[in-house]
Each structure stands twice: as structure tokens, then as C-alpha cells.
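Note: the block below is protein-v2.txt and it holds compact mmCIF, C-alpha atoms.
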```txt
# COMPACT_ATOMS: atom_id res chain seq x y z
CA MET E 351 -20.51 8.75 11.96
CA SER E 352 -19.89 5.61 9.99
CA GLY E 353 -16.27 4.67 9.52
CA ARG E 354 -14.52 2.41 7.02
CA ALA E 355 -13.88 -1.13 8.17
CA ILE E 356 -10.83 -2.63 6.46
CA VAL E 357 -9.69 -6.21 6.97
CA ILE E 358 -5.98 -6.95 6.57
CA THR E 359 -5.41 -10.51 5.44
CA SER E 360 -3.00 -12.74 3.51
CA GLY E 361 -3.82 -16.43 3.61
CA LYS E 362 -0.26 -17.30 4.52
CA GLY E 363 1.09 -16.69 8.00
CA GLY E 364 4.15 -14.64 8.81
CA VAL E 365 4.02 -12.23 5.88
CA GLY E 366 3.33 -9.20 8.07
CA LYS E 367 -0.43 -8.79 8.53
CA THR E 368 -0.14 -7.74 12.14
CA THR E 369 2.81 -5.43 11.51
CA THR E 370 0.92 -3.87 8.61
CA THR E 371 -2.21 -3.40 10.72
CA ALA E 372 -0.23 -1.72 13.50
CA ASN E 373 1.64 0.58 11.13
CA ILE E 374 -1.38 1.63 9.09
CA GLY E 375 -3.34 2.18 12.31
CA LEU E 376 -0.67 4.38 13.86
CA GLY E 377 -0.18 6.13 10.52
CA LEU E 378 -3.88 7.01 10.26
CA ALA E 379 -3.84 8.18 13.88
CA LYS E 380 -0.89 10.45 13.05
CA HIS E 381 -3.18 12.03 10.46
CA ASP E 382 -5.69 12.73 13.27
CA ARG E 383 -8.15 10.03 12.31
CA LYS E 384 -9.98 8.09 14.99
CA VAL E 385 -8.85 4.50 14.59
CA ALA E 386 -9.84 1.19 16.19
CA LEU E 387 -7.67 -1.88 15.65
CA VAL E 388 -9.40 -5.24 16.10
CA ASP E 389 -7.25 -8.31 16.70
CA ALA E 390 -9.29 -11.16 15.21
CA ASP E 391 -6.58 -13.76 15.82
CA ILE E 392 -8.28 -15.42 18.79
CA GLY E 393 -5.99 -17.77 20.67
CA LEU E 394 -2.80 -16.40 19.10
CA ARG E 395 -2.99 -12.70 19.68
CA ASN E 396 0.05 -10.62 18.70
CA LEU E 397 -1.17 -7.16 17.83
CA ASP E 398 -0.96 -6.09 21.49
CA ILE E 399 2.77 -6.91 21.56
CA ILE E 400 3.59 -5.08 18.32
CA MET E 401 1.65 -2.07 19.64
CA GLY E 402 3.37 -2.31 23.03
CA LEU E 403 0.03 -2.44 24.83
CA GLU E 404 0.06 -5.98 26.22
CA ASN E 405 0.12 -4.99 29.88
CA ARG E 406 -3.01 -2.84 29.58
CA ILE E 407 -5.44 -5.52 28.48
CA VAL E 408 -8.29 -6.23 30.87
CA TYR E 409 -11.18 -7.40 28.67
CA HIS E 410 -11.06 -8.81 25.14
CA LEU E 411 -13.15 -9.59 22.08
CA VAL E 412 -14.61 -12.81 23.50
CA ASP E 413 -15.64 -10.99 26.70
CA VAL E 414 -17.49 -8.46 24.54
CA VAL E 415 -19.21 -11.15 22.48
CA ARG E 416 -20.25 -13.08 25.60
CA GLY E 417 -21.68 -9.92 27.15
CA ARG E 418 -19.17 -9.81 30.03
CA CYS E 419 -18.36 -6.19 29.17
CA GLN E 420 -19.17 -3.36 26.77
CA VAL E 421 -17.07 -2.76 23.66
CA ARG E 422 -15.95 0.55 25.16
CA GLN E 423 -14.59 -1.16 28.29
CA ALA E 424 -12.53 -3.63 26.28
CA LEU E 425 -10.85 -1.02 24.07
CA VAL E 426 -7.25 -0.35 25.07
CA LYS E 427 -6.16 3.22 24.40
CA ASP E 428 -2.81 3.69 22.71
CA LYS E 429 -0.20 5.40 24.88
CA ARG E 430 0.94 7.67 22.04
CA PHE E 431 -2.35 8.62 20.35
CA PRO E 432 -5.49 8.90 22.52
CA HIS E 433 -7.73 8.61 19.46
CA LEU E 434 -6.22 5.22 18.59
CA SER E 435 -7.65 2.18 20.37
CA MET E 436 -7.20 -1.56 20.16
CA LEU E 437 -9.72 -4.32 20.80
CA PRO E 438 -7.53 -7.26 21.85
CA ALA E 439 -8.20 -10.91 21.02
CA SER E 440 -8.58 -13.49 23.72
CA GLN E 441 -5.53 -15.62 24.42
CA ILE E 442 -7.40 -18.57 25.94
CA ASP E 443 -10.34 -19.18 23.56
CA GLN E 444 -10.77 -20.76 20.13
CA LYS E 445 -11.65 -19.16 16.82
CA GLU E 446 -15.07 -20.81 17.10
CA SER E 447 -15.89 -18.75 20.23
CA VAL E 448 -17.04 -15.98 17.91
CA THR E 449 -19.44 -16.22 14.97
CA PRO E 450 -19.29 -14.02 11.86
CA GLU E 451 -22.60 -12.39 12.89
CA GLN E 452 -21.21 -11.46 16.33
CA MET E 453 -18.06 -10.08 14.75
CA LYS E 454 -20.13 -7.99 12.36
CA ASP E 455 -22.08 -6.61 15.33
CA VAL E 456 -18.89 -5.54 17.12
CA VAL E 457 -17.41 -3.91 14.01
CA THR E 458 -20.68 -2.10 13.30
CA GLN E 459 -20.63 -0.68 16.83
CA LEU E 460 -17.01 0.44 16.41
CA LYS E 461 -17.76 2.10 13.07
CA GLU E 462 -20.13 4.47 14.85
CA ASP E 463 -17.31 5.89 16.97
CA PHE E 464 -14.26 5.60 14.70
CA ASP E 465 -13.23 6.82 11.24
CA PHE E 466 -11.36 3.58 10.57
CA VAL E 467 -11.75 0.08 11.94
CA LEU E 468 -8.78 -2.10 10.96
CA ILE E 469 -9.25 -5.83 11.44
CA ASP E 470 -6.13 -7.97 11.81
CA CYS E 471 -7.05 -11.32 10.26
CA PRO E 472 -5.54 -14.64 11.37
CA ALA E 473 -3.69 -16.81 8.83
CA GLY E 474 -5.70 -19.42 6.98
CA ILE E 475 -9.09 -19.37 5.32
CA GLU E 476 -11.15 -21.09 8.00
CA GLN E 477 -13.49 -19.72 10.64
CA GLY E 478 -11.01 -17.08 11.84
CA PHE E 479 -10.78 -15.67 8.33
CA ARG E 480 -14.57 -15.73 7.88
CA ASN E 481 -14.99 -13.90 11.20
CA ALA E 482 -12.45 -11.23 10.30
CA VAL E 483 -14.00 -10.59 6.90
CA ALA E 484 -17.60 -10.60 8.15
CA GLY E 485 -17.70 -7.02 9.37
CA ALA E 486 -15.38 -5.47 6.79
CA ASP E 487 -16.26 -3.11 3.92
CA GLU E 488 -12.88 -3.31 2.18
CA ALA E 489 -9.86 -5.58 2.23
CA ILE E 490 -6.09 -5.21 2.02
CA VAL E 491 -4.11 -8.31 1.09
CA VAL E 492 -0.50 -8.52 2.26
CA THR E 493 2.00 -10.76 0.52
CA THR E 494 5.75 -11.09 0.29
CA PRO E 495 7.29 -11.49 -3.18
CA ASP E 496 7.74 -15.24 -2.79
CA VAL E 497 6.01 -18.00 -4.69
CA SER E 498 4.00 -19.62 -1.92
CA PRO E 499 2.60 -16.47 -0.23
CA VAL E 500 1.61 -15.19 -3.68
CA ARG E 501 -0.30 -18.38 -4.41
CA ASP E 502 -2.10 -18.15 -1.05
CA ALA E 503 -2.83 -14.47 -1.67
CA ASP E 504 -4.34 -15.42 -5.03
CA ARG E 505 -6.68 -17.87 -3.32
CA VAL E 506 -7.66 -15.30 -0.67
CA ILE E 507 -8.29 -12.64 -3.31
CA GLY E 508 -10.67 -15.07 -5.01
CA LEU E 509 -12.57 -15.57 -1.74
CA LEU E 510 -12.65 -11.84 -1.00
CA GLN E 511 -13.94 -10.88 -4.44
CA ASN E 512 -17.18 -12.74 -3.73
CA ALA E 513 -17.74 -10.95 -0.43
CA LEU E 514 -16.13 -7.51 -0.69
CA GLY E 515 -15.09 -6.87 -4.28
CA ASP E 516 -11.50 -6.30 -5.36
CA PRO E 517 -9.04 -5.99 -2.48
CA GLN E 518 -5.91 -3.82 -2.63
CA LEU E 519 -2.43 -5.28 -2.38
CA ILE E 520 0.60 -4.51 -0.24
CA ILE E 521 3.86 -6.21 -1.19
CA ASN E 522 5.86 -6.55 1.99
CA ARG E 523 9.58 -7.22 2.53
CA MET E 524 10.68 -6.43 -1.00
CA ALA E 525 14.46 -6.91 -1.13
CA MET E 526 15.56 -4.87 -4.11
CA ASP E 527 19.06 -6.32 -4.11
CA MET E 528 17.58 -9.75 -4.74
CA VAL E 529 15.10 -8.47 -7.32
CA LYS E 530 17.97 -6.86 -9.23
CA ARG E 531 19.84 -10.14 -9.28
CA GLY E 532 16.68 -11.84 -10.52
CA ASP E 533 16.45 -13.94 -7.36
CA MET E 534 13.11 -12.55 -6.25
CA LEU E 535 9.79 -11.87 -7.95
CA ASN E 536 9.52 -8.21 -8.84
CA GLN E 537 6.55 -5.91 -8.47
CA GLN E 538 5.29 -6.62 -11.99
CA ASP E 539 5.58 -10.41 -11.60
CA VAL E 540 3.40 -10.26 -8.50
CA LEU E 541 0.85 -7.94 -10.09
CA ASP E 542 0.66 -10.09 -13.22
CA ILE E 543 -0.36 -13.08 -11.11
CA LEU E 544 -2.70 -11.33 -8.70
CA ALA E 545 -4.24 -8.67 -10.98
CA VAL E 546 -5.40 -6.30 -8.23
CA ARG E 547 -4.65 -2.66 -7.45
CA LEU E 548 -1.31 -2.09 -5.74
CA LEU E 549 -1.61 -0.03 -2.56
CA GLY E 550 2.08 0.02 -1.74
CA ILE E 551 5.42 -1.72 -1.44
CA VAL E 552 7.28 -2.01 1.84
CA PRO E 553 11.01 -2.66 1.53
CA ASP E 554 12.72 -5.39 3.50
CA ASP E 555 14.06 -3.52 6.52
CA GLU E 556 15.43 -4.80 9.80
CA GLU E 557 14.04 -1.68 11.46
CA VAL E 558 10.62 -3.35 11.25
CA VAL E 559 11.78 -6.24 13.43
CA ILE E 560 13.48 -3.95 15.93
CA ALA E 561 10.40 -1.73 16.10
CA GLY E 562 8.09 -4.73 16.57
CA ASN E 563 10.15 -6.05 19.44
CA ARG E 564 10.12 -2.63 21.09
CA GLY E 565 6.37 -2.21 20.68
CA ALA E 566 6.90 1.03 18.73
CA PRO E 567 5.91 0.35 15.10
CA VAL E 568 8.23 1.62 12.40
CA VAL E 569 5.82 4.21 10.97
CA LEU E 570 6.70 6.30 14.04
CA ASN E 571 10.29 6.41 12.80
CA GLU E 572 10.28 8.98 10.02
CA HIS E 573 13.85 8.20 9.01
CA SER E 574 13.36 4.54 8.17
CA ARG E 575 12.65 3.42 4.61
CA SER E 576 9.86 1.10 5.69
CA GLY E 577 8.34 3.80 7.90
CA LYS E 578 8.20 6.13 4.91
CA ALA E 579 6.63 3.37 2.81
CA TYR E 580 3.88 2.91 5.40
CA GLU E 581 3.35 6.66 5.53
CA ARG E 582 2.75 6.68 1.76
CA ILE E 583 0.31 3.76 2.07
CA VAL E 584 -1.62 5.66 4.74
CA ARG E 585 -1.87 8.75 2.55
CA ARG E 586 -3.14 6.60 -0.32
CA ILE E 587 -5.81 5.11 1.96
CA LEU E 588 -6.85 8.68 2.80
CA GLY E 589 -7.36 9.33 -0.89
CA GLU E 590 -4.17 11.22 -1.73
CA ASP E 591 -2.50 10.43 -5.01
CA VAL E 592 0.99 9.42 -3.91
CA PRO E 593 3.15 7.80 -6.57
CA ILE E 594 4.81 4.48 -5.77
CA PRO E 595 8.54 5.19 -5.97
CA GLU E 596 11.03 2.83 -7.55
CA LEU E 597 12.72 1.16 -4.63
CA ASN E 598 16.41 0.80 -5.19
CA GLY E 599 18.82 -1.33 -3.21
CA HIS E 600 20.16 0.61 -0.29
CA GLY E 601 18.55 3.61 -1.84
CA GLY E 602 20.18 6.05 0.49
CA LEU E 603 22.97 8.52 0.30
CA MET E 604 25.79 6.02 -0.31
CA HIS E 605 24.05 4.61 -3.34
CA ARG E 606 23.47 8.02 -4.89
CA LEU E 607 27.01 9.14 -4.06
CA GLY E 608 28.33 6.04 -5.77
CA LYS E 609 26.30 6.80 -8.86
CA MET E 610 27.52 10.41 -8.97
CA LEU E 611 31.15 9.37 -8.67
CA PHE E 612 30.78 6.84 -11.44
CA ARG E 613 29.32 9.40 -13.81
CA ARG E 614 32.36 11.63 -13.46
CA MET G 946 0.06 -23.24 43.46
CA VAL G 947 2.05 -23.55 40.28
CA VAL G 948 5.38 -25.38 40.12
CA GLY G 949 7.19 -23.97 37.09
CA ASP G 950 7.11 -20.76 35.11
CA ILE G 951 4.08 -18.83 33.91
CA ASN G 952 5.11 -17.27 30.63
CA GLN G 953 3.84 -14.21 28.79
CA GLY G 954 0.39 -14.73 27.39
CA ALA G 955 -0.61 -17.27 30.04
CA GLU G 956 -3.36 -16.48 32.52
CA VAL G 957 -3.81 -18.06 35.93
CA ILE G 958 -6.98 -17.35 37.89
CA ALA G 959 -7.31 -18.44 41.54
CA GLY G 960 -10.09 -17.98 44.04
CA GLY G 961 -7.53 -17.69 46.84
CA ASP G 962 -3.77 -17.12 46.97
CA ALA G 963 -1.47 -17.88 44.06
CA ILE G 964 2.01 -19.24 44.71
CA VAL G 965 4.39 -19.69 41.82
CA PHE G 966 7.54 -21.75 42.25
CA GLY G 967 9.20 -20.21 39.24
CA THR G 968 9.12 -17.07 37.16
CA LEU G 969 5.84 -15.25 36.70
CA ARG G 970 5.81 -13.35 33.38
CA GLY G 971 2.15 -13.75 32.45
CA MET G 972 -1.02 -12.63 34.20
CA VAL G 973 -2.23 -13.89 37.56
CA HIS G 974 -5.56 -13.03 39.11
CA ALA G 975 -5.62 -14.05 42.77
CA GLY G 976 -8.74 -13.78 44.88
CA TYR G 977 -11.06 -13.94 41.89
CA PRO G 978 -13.54 -12.28 41.76
CA ASP G 979 -13.43 -9.97 44.80
CA ASN G 980 -11.29 -11.38 47.62
CA ARG G 981 -8.94 -8.52 48.42
CA ASP G 982 -7.07 -10.52 51.11
CA ALA G 983 -5.50 -12.87 48.58
CA ILE G 984 -1.76 -12.68 47.93
CA VAL G 985 0.56 -13.66 45.09
CA ILE G 986 4.02 -15.06 45.77
CA ALA G 987 6.56 -15.92 43.09
CA LEU G 988 10.26 -16.76 43.13
CA ASN G 989 10.70 -14.19 40.36
CA LEU G 990 7.78 -11.81 40.14
CA MET G 991 7.78 -9.93 36.83
CA PRO G 992 4.20 -10.06 35.55
CA LEU G 993 2.77 -7.97 32.74
CA GLN G 994 -0.27 -7.44 34.86
CA LEU G 995 -1.34 -8.55 38.31
CA ARG G 996 -4.87 -8.69 39.67
CA ILE G 997 -5.95 -9.25 43.26
CA GLY G 998 -9.70 -9.28 43.83
CA PRO G 999 -11.03 -6.11 42.21
CA PHE G 1000 -7.60 -4.45 41.86
CA ILE G 1001 -5.34 -4.34 38.83
CA ALA G 1002 -1.66 -3.37 38.66
CA ARG G 1003 0.52 -3.39 35.58
CA ALA G 1004 4.26 -3.49 35.09
CA ASP G 1005 6.09 -0.19 34.82
CA GLU G 1006 7.11 0.42 31.27
CA GLY G 1007 10.80 0.63 30.52
CA GLN G 1008 11.64 -0.98 33.86
CA ASN G 1009 14.78 -3.08 33.69
CA PRO G 1010 14.45 -6.65 34.84
CA ARG G 1011 16.47 -7.40 37.93
CA ARG G 1012 19.55 -9.46 37.34
CA VAL G 1013 19.24 -11.44 40.55
CA PRO G 1014 15.70 -12.75 41.03
CA ARG G 1015 14.33 -12.89 44.54
CA PRO G 1016 11.04 -14.11 45.95
CA GLU G 1017 8.44 -11.41 46.27
CA VAL G 1018 4.90 -11.15 47.56
CA ALA G 1019 2.12 -8.98 46.18
CA ARG G 1020 -0.86 -7.98 48.30
CA VAL G 1021 -3.44 -5.24 48.64
CA LYS G 1022 -2.53 -2.40 50.99
CA ASP G 1023 -4.44 0.89 51.18
CA GLU G 1024 -6.60 0.12 48.15
CA ARG G 1025 -3.69 -0.71 45.86
CA ILE G 1026 -1.43 -3.62 45.03
CA VAL G 1027 2.04 -3.42 46.56
CA ILE G 1028 4.99 -5.73 46.01
CA GLU G 1029 7.50 -6.50 48.75
CA PRO G 1030 10.40 -8.90 49.17
CA TYR G 1031 9.24 -12.20 50.63
CA GLN G 1032 10.94 -12.70 53.99
CA GLY G 1033 9.86 -16.26 54.64
CA LYS G 1034 6.91 -15.18 56.76
CA LEU G 1035 3.71 -13.32 55.97
```
Step by step, read the file and then write its structure as C-alpha cells.
Amino acid sequence: MSGRAIVITSGKGGVGKTTTTANIGLGLAKHDRKVALVDADIGLRNLDIIMGLENRIVYHLVDVVRGRCQVRQALVKDKRFPHLSMLPASQIDQKESVTPEQMKDVVTQLKEDFDFVLIDCPAGIEQGFRNAVAGADEAIVVTTPDVSPVRDADRVIGLLQNALGDPQLIINRMAMDMVKRGDMLNQQDVLDILAVRLLGIVPDDEEVVIAGNRGAPVVLNEHSRSGKAYERIVRRILGEDVPIPELNGHGGLMHRLGKMLFRR
Amino acid sequence: MVVGDINQGAEVIAGGDAIVFGTLRGMVHAGYPDNRDAIVIALNLMPLQLRIGPFIARADEGQNPRRVPRPEVARVKDERIVIEPYQGKL
């Protein structure tokens, strides 16, 4: 078996790479795919917390690279899906502890056992970024609809195109209320600048924060708007043709009720 | 011996015993690599994971933190790590 290795990156920090990695990983696992998540953010690992697996870590990526353990020993199994595993980053080493070649080796090994290998990239475009990209076949770029993350995403897309071809884009934390008032870049503004294929839009949703703090990513919550958005992204990654819906403000029942009342 | 807190994400590795005058929230490995007689004492013992020699224990999930912290000692008994209140003597 040879799986797909996808790196999730952004350039800018804090736009939701780790959250996206966790949600897509769990989403793919829900669809019965074998998934390995690799935290490439050595020294500042977070994926374990979002996944709620921090107390199960024994070995990590740097241990694997240094030959202190096998890849299989370092993988932490998810408590919800046994076919979902995470390879944690080290908390006490530097990005330079791993070379792109070593990273590629680890990812190649994982691809033999898993359908998907998702690599959570650190912020920036230095060694950590080069490591994360080294083993990947495809890339997903995450941005928020703000000016500076979009500029950083543009730069990262340029770097990725040389190595991996065109990445796909996820626009995270889209606040439709603000877009409607013209206070935020809309979907088309972002796509005009970045000119890549849109994989999905995740609405701004406080459920994401709550879920991250609880270690139970939002894709597990089928009632949340952001959870549904991630579910659609996962189905698109699996090759289904799922249309990208128009996101509208609060979108829910109240909004539609209001509209109905107004029409009468 | 550590005077102060060990927060989440921090790792302390000791060849012998580990004594923490503060709150232990991170990971401590006492008796590294295989001394099973080592102990861990902390004023407030709430680690994510605790290792003594070759043994590993991890925090129960969904366990509520105690409101009143008290000193506790962790040691190996019958091939597993047990945690008991620290009575001022070992």
C-alpha cells in the first residue's frame, strides 16, 4: 500500500494548521481510512493537545530519527479511532534535529501502512517548513481571510509550486457577518490573490476553540457548522464532488425564520 | 530536586528520586533508565504522565483536579506505579 502524504501549511502562525490537521485526520478516520498524523512542529508541539492524546506520548519523531525506537513504537493510537495514529513531535529539541531526508524516510515508511499521512507544518518558511514539505506528495494551504495571512500564504504557495505543484486552499475562520458588512475579504477576494483551487471554507465558530480545549476536535460534532464544513472538506479529499455552500451569517434556523417572516 | 512548578510540556529526567517543591503538571521520569526503587514526591502531584524506571503511568482522563492540593509520593509497588499521600516519612 502506498498512501497519500499531505502537508498542511500556511506560512503565518495561528491561522489553524493544527486544528485543520486534527479535523481532517479524524474526518478521514470516520470514513474508515487508515490515517497517520505527523506533528512536524518540533519544539512547539500542539497537535497532541488538540487530539487529546498528550498523556499517551512515550517516544517522538526525534527518537525515531535518532534510532532510539521504531516508527511503530512512537505512534500514539487515537482513543476514538484505532486506525488513526499520531506521530508526536519532540518538545525538547530544535527544528534542526531532523533533516528533510530523514523526514522523507519517516513519511515513506508511514505511507506503507496508512492510506493518508497528514503532516502538520510549523509556521514560517525555514527548516521546519522544509522538513514538513520534504516527504509530502500534496499540500493544503490554510489561511484566514485577513490581509497578512493571505500575503504569507501567497509566498508559501510560490515555494510549494516548485516542489509539489499547485496546493489546495482552505479559508479558515470566515466570519460572514463581517464579509457582508464589507469588513472582511470575501472568498473571491482571497481566490483572486492566491489563484489556487479552493478545497473548502470553514466558518468562524467558537465551537472550534471549545473542542480544541477539550481535545475532541469539532468534526466529531455533527451539529456544529464548522464540523460540517470539515466533513465536506474530507469528502472532497476523498474525491467526492461536494459543492461549497454559500455561508450565511448565523445560517441556522433563526436566520431562515426571519427571512420567511419578512417575505410575508 | 526542583523548587517551583513543572508545567505541561516540560520533562524532567532524574537518575534517582525526583522531589518537586511545587506543582507537577508535566512529565517526570525518576530512576532513569531502570531504577525501580526511585520515588517521585510533589506538593501537588498532577502529572500528565509519570515514569519510574521502566514503568509508565498516565493520568486518568476526565479526572477532576483536587481543590486542595496535598503532598503525594509515587513509587513502584507490585510492578506498577502507585500514588499515596505523603505522610512526612517514607
query: Suppose you want the space between atom CA of G:Lys1034 and atom CA of G:Asp950; what is it in Å?
result: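 It comes out at 22.4 Å.
Of the listed residues (E:Val540, E:Met401, E:Val483, E:Ile374), E:Ile374 comes nearest to E:Ala579; the distances count all atoms listed in the file.
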message: Applying 8 Å and only C-alpha atoms, which residues near E:Ser440 remain after dropping the ones on its own chain fewer than 3 positions away? List them as a PyMOL selection string.
response: chain E and resi 392-395+410-412+443
task: Kindly provide, as a ChimeraX atom specification, the residues of chain E having any atom no farther than 9 Å from an atom of chain G, counting all atoms listed in the file.
output: /E:395,404-408,441-442
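One distance worth recording is that between atom CA of E:Ala566 and atom CA of E:Arg480, which is 29.3 Å.
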message: With all atoms listed in the file as the counted atoms, please give the residues lying no more than 12 Å from G:Val1027, apart from itself and same-chain residues fewer than 2 positions off, as a list in words.
response: Ile984, Val985, Ile986, Leu995, Arg996, Ile997, Phe1000, Ile1001, Ala1002, Arg1003, Ala1004, Glu1017, Val1018, Ala1019, Arg1020, Val1021, Lys1022, Asp1023, Glu1024, Arg1025, Glu1029 and Pro1030 of chain G
- prompt: At most 9 Å from (13.7, -7.3, -0.7), file frame, only C-alpha atoms: which residues, as a PyMOL selection string?
  reply: chain E and resi 494-495+522-529+534+552-555+599
Near-stretch 462-474 of chain E list (7 Å; all atoms listed in the file; drop same-chain fewer than 3 positions) as a PyMOL selection string: chain E and resi 351-363+367-368+371+383-391+458-459+478-479+482
message: Report, in Å to a single decimal, how far apart atom CA of G:Asn980 and atom CA of G:Asp962 are.
response: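 Pair atom CA of G:Asp962 / atom CA of G:Asn980 returns 9.5 Å.
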Selection: 12 Å around G:Gly949, only C-alpha atoms, excl. self and same-chain fewer than 3 positions, as a PyMOL selection string: chain G and resi 946+952+964-970+987-989
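Closest approach to G:His974 from the set G:Met991, G:Arg1015, G:Pro999, G:Ile951 is made by G:Pro999, with distances taken over only C-alpha atoms.
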- request: Go through E:Gln423, E:Gln477, E:Val584, E:Leu460 one by one, measure the shortest atom-to-atom distance of each to E:Gln444 using only C-alpha atoms, and give the residue with the smallest value.
  value: E:Gln477
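Excluding E:Lys429 itself and same-chain residues fewer than 5 positions from it, the residues having an atom within 9 Å of it are Gly402, Leu403 and Leu434 of chain E, counting all atoms listed in the file.
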Next, the residues of the selection above should be written as an mmCIF file, in the frame of the given file with C-alpha atoms.
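Result file follows (selection-v4.cif):
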```cif
data_model
loop_
_atom_site.group_PDB
_atom_site.id
_atom_site.type_symbol
_atom_site.label_atom_id
_atom_site.label_comp_id
_atom_site.auth_asym_id
_atom_site.auth_seq_id
_atom_site.Cartn_x
_atom_site.Cartn_y
_atom_site.Cartn_z
ATOM 1 C CA GLY E 402 3.370 -2.310 23.030
ATOM 2 C CA LEU E 403 0.030 -2.440 24.830
ATOM 3 C CA LEU E 434 -6.220 5.220 18.590
#
```
- prompt: Between E:Val491, E:Ala561, E:Val414, E:Ala424, which is the closest to E:Ser447 once you count only C-alpha atoms?
  reply: E:Val414
Per-axis box centre and lengths in Å around stretch 470-482 of chain E, 8 Å margin per side, axis-aligned, as AutoDock Vina command-line options:
```
--center_x -9.3 --center_y -14.5 --center_z 8.6 --size_x 27.3 --size_y 29.1 --size_z 22.5
```
